Each structure stands twice: as structure tokens, then as C-alpha cells.
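Chemist: Pasting a structure here, questions to come.
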Amino acid sequence: MDKLIKFEIVTPERIVLKESVLQASIPTTTGEITILPGHLPLISIVKAGVLELKKADGQAEVMAVSGGLLEVLTDKIVILADTAETAAELDETRIMEARAKAEILKQEKVGDVKAFAQATALLDKEMARHHAVRRWKKIKNIESIN
Amino acid sequence: MPQTGDIKRRIKSVNSINKITKAMEMVAAAKMRRAIEAVLKTRTYANLSWETVLNLAAMSSARHEPLHPLLAPRSGIKKVAIVLVMPNRGLCGSLASALLAKVRYSIDKHLQNELGEKIATEFILLGRKGEIVRRYGYEVAADFAKADLVTDSTDAHPVFKLLIDEFLSGKYDKVLLAYTDFINAVKQRPQVKQLLPINLAERTLGVMGRESAAVVSAEMIEAKHREHVNVGQFAREYLFEPDATTVLDNSIPKLIQVQLYQAMLEANASEHSARMAAMHQASQAASDMAGELTMFFNKARQASITAEIAEISAGANALS
């Protein structure tokens, strides 16, 4: 029996996922880290990107996160995310539209520091979603539209 | 026997009161639904982030020097700020007075610090009904407007910024948060909770919206220490990536702001629930009263008819 670690990811809107996993790969500001059961307690900052889990049955789960806080305790992983969604919930065409929109917005806001930062964050979020969907489709062998 | 006309007028006025309270009940019910949805949505997030803060505080208290200024306990407290989250409007039963009573009780309990110096208290108000503390002679440092239905986390930002700045500058040694915990639609509990500094010795640090008394017990702190700090003979510490200062500067203020925002949501849901209950009772009382008055009116009408018939027949008898 492989060792499991409890994993919980919540956003201000909802509990996105709560279950025991074999391992979790999480994008942080210092690079992607993979947490296995028995990891030392750790606190780090999550950045926008793709989060990958290996569930108890060996199946992979892919998620997009847009930033937040990661806390690893002796027996569980908690992620307090700003936004997060599983790849299965995402729709690729709509993300591509949103991503294109975010790119235009970012170009428009050059010069305005605060708005530019916001637009960049938005673009990062959409890109994370896009990557998550692509990764998910690759794992599941679903034909991608591009 | 009163005139039937007088009674009729009273019935009419009671009925129009009934109509108004019914309408207000419906408005409150609609707002309540939205407020409850908002409060329940963020509660898990808020409670989990509070647990993270507590873990950090446990970690910090095991060290010689605190990890972060917001985690450092302070002694010789001279000035306390109380953030009072109150309703914007009245007609919500005993909600405001119960919260105020709780706040005054906790002020009276802590008049002096351990050195025997007087502790000054200042209020930071959120919501229009908070005004009332001026009448009791308390100092008010700031008065913020609160939306009738709080749904945006940026609402908490200006208040939070003021608190952090004043706390770090040393103007306040302690920040308390007074709000009403939403337990369910018919039950709300006034709550005074310490927000800053995060201090595990304080028993009033609790998670929100629990039915049981929300306190941190000494055993729980002990358990946390065993679990996360001391493993065997080794003191275990969190790893911070990239480093403690960056991570804590980035996260602790955010985590505490979540608490403030959650308190606003709890207060909001409580307010609308309390108002709905109060208006429901008022409508009930008005229809009871209208019923009673109608009975009274019928009796009076019957009595006057009887009296009239008696007079007529007496007159007829006298003639024959």
C-alpha cells in the first residue's frame, strides 16, 4: 500500500478538491515542487500555473491555479488559492478567447503601472488555464483543437 | 363601550403596519439569501487560512524571537482598537444591543494592563449603527461606510490598511474585532475576537460560525506544538521558500484581511437574518392584533344593535 497525503485546495468561492493523493506537483515562485507523503512542513507562495496530482488510484488530475499560498504539514497539503479549477471543468475555446482578450488588454495598459500589473496577472491566469487544458488533453489522449 | 368608528380606524392602521412589516420581511429574506450564500462560500477558506495563521503563531511562539512583527506578542498594552461591525439600519431585534453589551463587558473586564496602567480604547466603526458608541462616551478613531450587502473583498481593504499601519507604528497594541457570528437563520452570536497581534495565549481566537464555543484551548496549542514543532527531541520548523520574510510578508497580511472580510460577511448575514426574524414577528403580532380588534369591533357593533333594538321595543311597549 502506497503512502497517501491529504490534499485540500480551496478558493474564496469553494472547495475545489479535497482528497488523499500519492503526490502533488505545485508551481511556486521558486519553481515547481513535488510533494510526497512525509514531506517536511513547508510554506511557500503559489504562482499562476499548472498543478498536477497523482490520485490514490494512480490517475492524474490537472488543475489551473492563479496564485495563492501553499502550506505543507506533516500529514496534509493545504492550498489557499485565489482561483483554481480542474482541467476537466475548463473549456479550451473559451480560454483561448479569454487569453487573446487578456493579451490585447495587456498591450493597451502599457504605461499605466497598476493596470498593467493587473492585466499581466490576468494573462498569467488565462495562460495557466490554457496550459492545464493542454496537459489534461495530452494525458487523456484527447485530440486538441490546435 | 368604545365607538365602532374608533375601532375601525385602529384596525385599518394595524393592517397597514402589517403590510409594511410583511414587505420588509420579504426584502430582508431576499437579502438574507444572498448574504448567507456569500458567507458560507468563503467560510472554509477563511477558517483554513486562520488555521495556517495559528500554525505560524505556534511556530513563532516556540522561537526566541518572533517570525514576523504581526506574530509578536506585546506586553504593557496601553491602547486597544476595537473594530465594531454593526448593521446599517435598525429594526433587527436585539442584534446591535447584544453586540454592544458584549463589547462593553469586554472593555470593562480589561480596564488595566498587568502593570496597573489604564488601557485606552478606541473604536473603528463599520456600518452606520456603530455611531451609538459615541453616546456612551467612547473615542471613535474612524468611521467607515459599509455596503448593505458586502460581496466584494476589496471592501475590507481600507479598514485593514488602517489597522496594519496603526498597529505596526505602535499606536495600537492590540486590535479586537467585534461582530456577530452567523450560526443559522434564527441564531446569531455576538463575538469579540483578537485580530492583532496573533497570540495563541489569548483564548478568544477561534474559527467562525461554529455552534460550539469557538475558543482555542491550552490542549489544542499543546497538541499543535507536539504535532508541528517538536517531533521527538528535535524542534521541527517550517521550511520557507524562498525565505521566511518574503513568504510571511506576502501571506500574513492577506490571511488576516480574509478574517476581517469574513467578519463583515458574518455580520451581514446575521443582520439580514435578524431583521427578517424581527419583521416576521412584527407581522405576526400585527395580524394577531388585527384579529383581536376585529372581534372587539364585532362585539361593539352587536352591542349597539342590541341596545338599539332594546330601545325601540321599549318605546313600542310604552306606546301600546
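Residues are referred to by chain and number: the chain letter is A, B, ... according to the order shown in the C-alpha cells, the number counts from 1 in that chain, and ligands are numbered separately from 1 in the order shown.
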When you get a sec, could you note down which chain A residues fall within 10 Å of chain B, using only C-alpha atoms, as a PyMOL selection string?

Modeler: chain A and resi 8-15+28-31+40-45+68-75+78-81

Chemist: Can you list, as a compact mmCIF listing (two decimals) with N, CA and C atoms, in the first residue's frame, all residues belonging to segment 57-213 of chain B that DSSP tags as strand (DSSP E or B)?

Modeler:
# COMPACT_ATOMS: atom_id res chain seq x y z
N LYS B 79 -3.06 50.88 24.46
CA LYS B 79 -4.16 51.32 23.62
C LYS B 79 -4.70 50.17 22.79
N VAL B 80 -6.01 50.03 22.82
CA VAL B 80 -6.66 48.94 22.09
C VAL B 80 -7.61 49.54 21.07
N ALA B 81 -7.60 48.99 19.88
CA ALA B 81 -8.58 49.40 18.88
C ALA B 81 -9.63 48.30 18.76
N ILE B 82 -10.88 48.70 18.72
CA ILE B 82 -11.94 47.72 18.50
C ILE B 82 -12.63 48.03 17.18
N VAL B 83 -12.58 47.07 16.29
CA VAL B 83 -13.31 47.22 15.03
C VAL B 83 -14.72 46.71 15.27
N LEU B 84 -15.68 47.61 15.19
CA LEU B 84 -17.05 47.23 15.50
C LEU B 84 -17.86 47.13 14.21
N VAL B 85 -18.28 45.93 13.88
CA VAL B 85 -19.06 45.73 12.66
C VAL B 85 -20.54 45.71 13.04
N GLN B 112 -7.34 47.70 33.01
CA GLN B 112 -5.94 47.95 33.33
C GLN B 112 -5.07 46.83 32.77
N LYS B 118 -3.72 52.30 32.90
CA LYS B 118 -5.05 52.32 32.31
C LYS B 118 -4.95 51.97 30.82
N ALA B 120 -6.49 52.46 27.21
CA ALA B 120 -7.43 53.30 26.45
C ALA B 120 -8.03 52.47 25.32
N THR B 121 -9.26 52.79 24.98
CA THR B 121 -9.92 52.06 23.91
C THR B 121 -10.39 53.04 22.83
N GLU B 122 -10.18 52.68 21.60
CA GLU B 122 -10.72 53.48 20.50
C GLU B 122 -11.51 52.57 19.58
N PHE B 123 -12.56 53.15 19.00
CA PHE B 123 -13.40 52.35 18.10
C PHE B 123 -13.11 52.69 16.65
N ILE B 124 -13.18 51.67 15.83
CA ILE B 124 -13.19 51.88 14.39
C ILE B 124 -14.52 51.28 13.93
N LEU B 125 -15.36 52.15 13.39
CA LEU B 125 -16.73 51.73 13.12
C LEU B 125 -16.91 51.29 11.68
N LEU B 126 -17.73 50.27 11.53
CA LEU B 126 -18.11 49.78 10.21
C LEU B 126 -19.62 49.61 10.25
N GLU B 139 -14.20 56.87 22.47
CA GLU B 139 -13.49 57.55 21.39
C GLU B 139 -13.73 56.79 20.08
N VAL B 140 -13.92 57.55 19.00
CA VAL B 140 -14.05 56.92 17.69
C VAL B 140 -12.91 57.41 16.82
N ALA B 141 -12.08 56.48 16.35
CA ALA B 141 -10.91 56.86 15.55
C ALA B 141 -11.27 56.98 14.08
N ALA B 142 -12.16 56.15 13.61
CA ALA B 142 -12.52 56.18 12.20
C ALA B 142 -13.92 55.61 12.03
N ASP B 143 -14.59 56.06 10.98
CA ASP B 143 -15.95 55.61 10.74
C ASP B 143 -16.05 55.26 9.25
N PHE B 144 -16.15 53.97 8.96
CA PHE B 144 -16.19 53.53 7.57
C PHE B 144 -17.61 53.21 7.16
N LYS B 174 -3.12 46.42 20.45
CA LYS B 174 -3.98 45.26 20.29
C LYS B 174 -5.17 45.67 19.41
N VAL B 175 -5.60 44.79 18.55
CA VAL B 175 -6.77 45.09 17.74
C VAL B 175 -7.80 43.99 17.95
N LEU B 176 -8.99 44.39 18.37
CA LEU B 176 -10.07 43.42 18.55
C LEU B 176 -11.09 43.58 17.44
N LEU B 177 -11.76 42.51 17.16
CA LEU B 177 -12.76 42.52 16.10
C LEU B 177 -14.10 42.12 16.73
N ALA B 178 -15.06 43.04 16.71
CA ALA B 178 -16.36 42.75 17.30
C ALA B 178 -17.40 42.65 16.20
N TYR B 179 -18.04 41.50 16.10
CA TYR B 179 -19.01 41.29 15.02
C TYR B 179 -20.00 40.23 15.50
N THR B 180 -20.96 39.93 14.69
CA THR B 180 -21.93 38.91 15.05
C THR B 180 -21.73 37.69 14.19
N ASP B 181 -21.46 36.58 14.81
CA ASP B 181 -21.25 35.33 14.09
C ASP B 181 -22.60 34.81 13.60
N PHE B 182 -22.64 34.43 12.36
CA PHE B 182 -23.87 33.86 11.81
C PHE B 182 -23.85 32.36 12.06
N ILE B 183 -24.77 31.88 12.87
CA ILE B 183 -24.81 30.44 13.14
C ILE B 183 -25.87 29.79 12.28
N ASN B 184 -27.08 30.28 12.36
CA ASN B 184 -28.09 29.91 11.37
C ASN B 184 -29.11 31.03 11.29
N LYS B 187 -30.30 32.04 14.64
CA LYS B 187 -29.36 32.19 15.75
C LYS B 187 -28.10 32.93 15.30
N GLN B 188 -27.78 34.00 16.02
CA GLN B 188 -26.56 34.75 15.74
C GLN B 188 -25.88 35.01 17.08
N ARG B 189 -24.55 34.91 17.08
CA ARG B 189 -23.87 35.13 18.35
C ARG B 189 -22.90 36.30 18.29
N PRO B 190 -23.04 37.28 19.20
CA PRO B 190 -22.06 38.37 19.24
C PRO B 190 -20.69 37.82 19.62
N GLN B 191 -19.65 38.36 19.00
CA GLN B 191 -18.32 37.79 19.16
C GLN B 191 -17.29 38.92 19.26
N VAL B 192 -16.39 38.80 20.23
CA VAL B 192 -15.26 39.73 20.28
C VAL B 192 -14.00 38.89 20.17
N LYS B 193 -13.24 39.14 19.12
CA LYS B 193 -12.11 38.26 18.83
C LYS B 193 -10.86 39.09 18.64
N GLN B 194 -9.74 38.59 19.11
CA GLN B 194 -8.49 39.33 18.94
C GLN B 194 -7.93 39.08 17.55
N LEU B 195 -7.69 40.18 16.83
CA LEU B 195 -7.18 40.05 15.47
C LEU B 195 -5.67 40.21 15.44
N LEU B 196 -5.19 41.22 16.16
CA LEU B 196 -3.75 41.51 16.20
C LEU B 196 -3.33 41.83 17.63

Chemist: Please return, as a short mmCIF file (atom, residue, chain, number, x, y, z; two decimals) with C-alpha atoms, in the first residue's frame, all residues of chain A that DSSP assigns to alpha helix (DSSP H) on the basis of the backbone.

Modeler:
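File written: states.cif
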data_model
loop_
_atom_site.label_atom_id
_atom_site.label_comp_id
_atom_site.auth_asym_id
_atom_site.auth_seq_id
_atom_site.Cartn_x
_atom_site.Cartn_y
_atom_site.Cartn_z
CA GLU A 92 -10.46 25.29 -24.38
CA THR A 93 -12.16 27.52 -26.96
CA ARG A 94 -13.37 29.92 -24.32
CA ILE A 95 -9.97 30.04 -22.67
CA MET A 96 -8.32 30.86 -25.96
CA GLU A 97 -10.73 33.74 -26.47
CA ALA A 98 -10.13 34.98 -22.94
CA ARG A 99 -6.40 34.65 -23.42
CA ALA A 100 -6.46 36.66 -26.64
CA LYS A 101 -8.53 39.32 -24.89
CA ALA A 102 -6.09 39.43 -21.98
CA GLU A 103 -3.17 39.84 -24.39
CA ILE A 104 -4.84 42.82 -26.06
CA LEU A 105 -5.68 44.30 -22.67
CA LYS A 106 -2.07 43.99 -21.57
CA GLN A 107 -0.87 45.84 -24.69
CA GLU A 108 -3.37 48.61 -24.07
CA VAL A 113 1.69 50.60 -13.86
CA LYS A 114 -1.20 49.34 -11.77
CA ALA A 115 -3.49 48.41 -14.65
CA PHE A 116 -0.58 46.77 -16.44
CA ALA A 117 0.19 44.62 -13.43
CA GLN A 118 -3.46 43.60 -13.25
CA ALA A 119 -3.57 42.80 -16.95
CA THR A 120 -0.38 40.75 -16.62
CA ALA A 121 -1.87 38.78 -13.74
CA LEU A 122 -4.99 38.17 -15.79
CA LEU A 123 -2.94 36.96 -18.73
CA ASP A 124 -0.91 34.66 -16.46
CA LYS A 125 -4.14 33.19 -15.15
CA GLU A 126 -5.52 32.54 -18.64
CA MET A 127 -2.22 31.06 -19.77
CA ALA A 128 -2.20 28.76 -16.74
CA ARG A 129 -5.69 27.61 -17.67
CA HIS A 130 -4.69 27.05 -21.24
CA HIS A 131 -1.64 25.02 -20.27
CA ALA A 132 -3.72 23.00 -17.84
CA VAL A 133 -6.21 22.06 -20.55
CA ARG A 134 -3.45 21.12 -22.98
CA ARG A 135 -1.73 18.99 -20.37
CA TRP A 136 -5.00 17.32 -19.45
CA LYS A 137 -5.78 16.51 -23.06
CA LYS A 138 -2.32 15.11 -23.55
CA ILE A 139 -2.70 12.81 -20.57
CA LYS A 140 -6.16 11.74 -21.60
#

Chemist: Identify which of the residues B:Ile107, B:Ala98, B:Ile256, B:Val150 lies closest to Gly127 of chain B, counting only C-alpha atoms when measuring atom-to-atom distances.

Modeler: B:Val150

Chemist: Enter the distance from atom CA of His280 of chain B to atom CA of Glu37 of chain B, in Å, rounded to one decimal.

Modeler: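 Computing the Euclidean distance for atom CA of His280 of chain B and atom CA of Glu37 of chain B yields 20.9 Å.
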
Chemist: I want to know what sits within 6 Å of Gln23 of chain A, based on only C-alpha atoms, with residues of the same chain fewer than 2 positions away left out; could you give that as a list in words?

Modeler: Val21, Ile35, Leu36, Leu53 and Lys54 of chain A

Chemist: Next, the residues of the selection above should be written as a PDB file, in the first residue's frame with C-alpha atoms.

Modeler:
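Contents of the output file result.pdb:
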ATOM      1  CA  VAL A  21      -3.182  11.764  -3.075  1.00  0.00           C
ATOM      2  CA  ILE A  35       5.381  16.992  -2.518  1.00  0.00           C
ATOM      3  CA  LEU A  36       5.360  13.361  -1.456  1.00  0.00           C
ATOM      4  CA  LEU A  53      -1.772  15.438  -8.733  1.00  0.00           C
ATOM      5  CA  LYS A  54      -1.481  11.699  -8.648  1.00  0.00           C
TER       6      LYS A  54
END
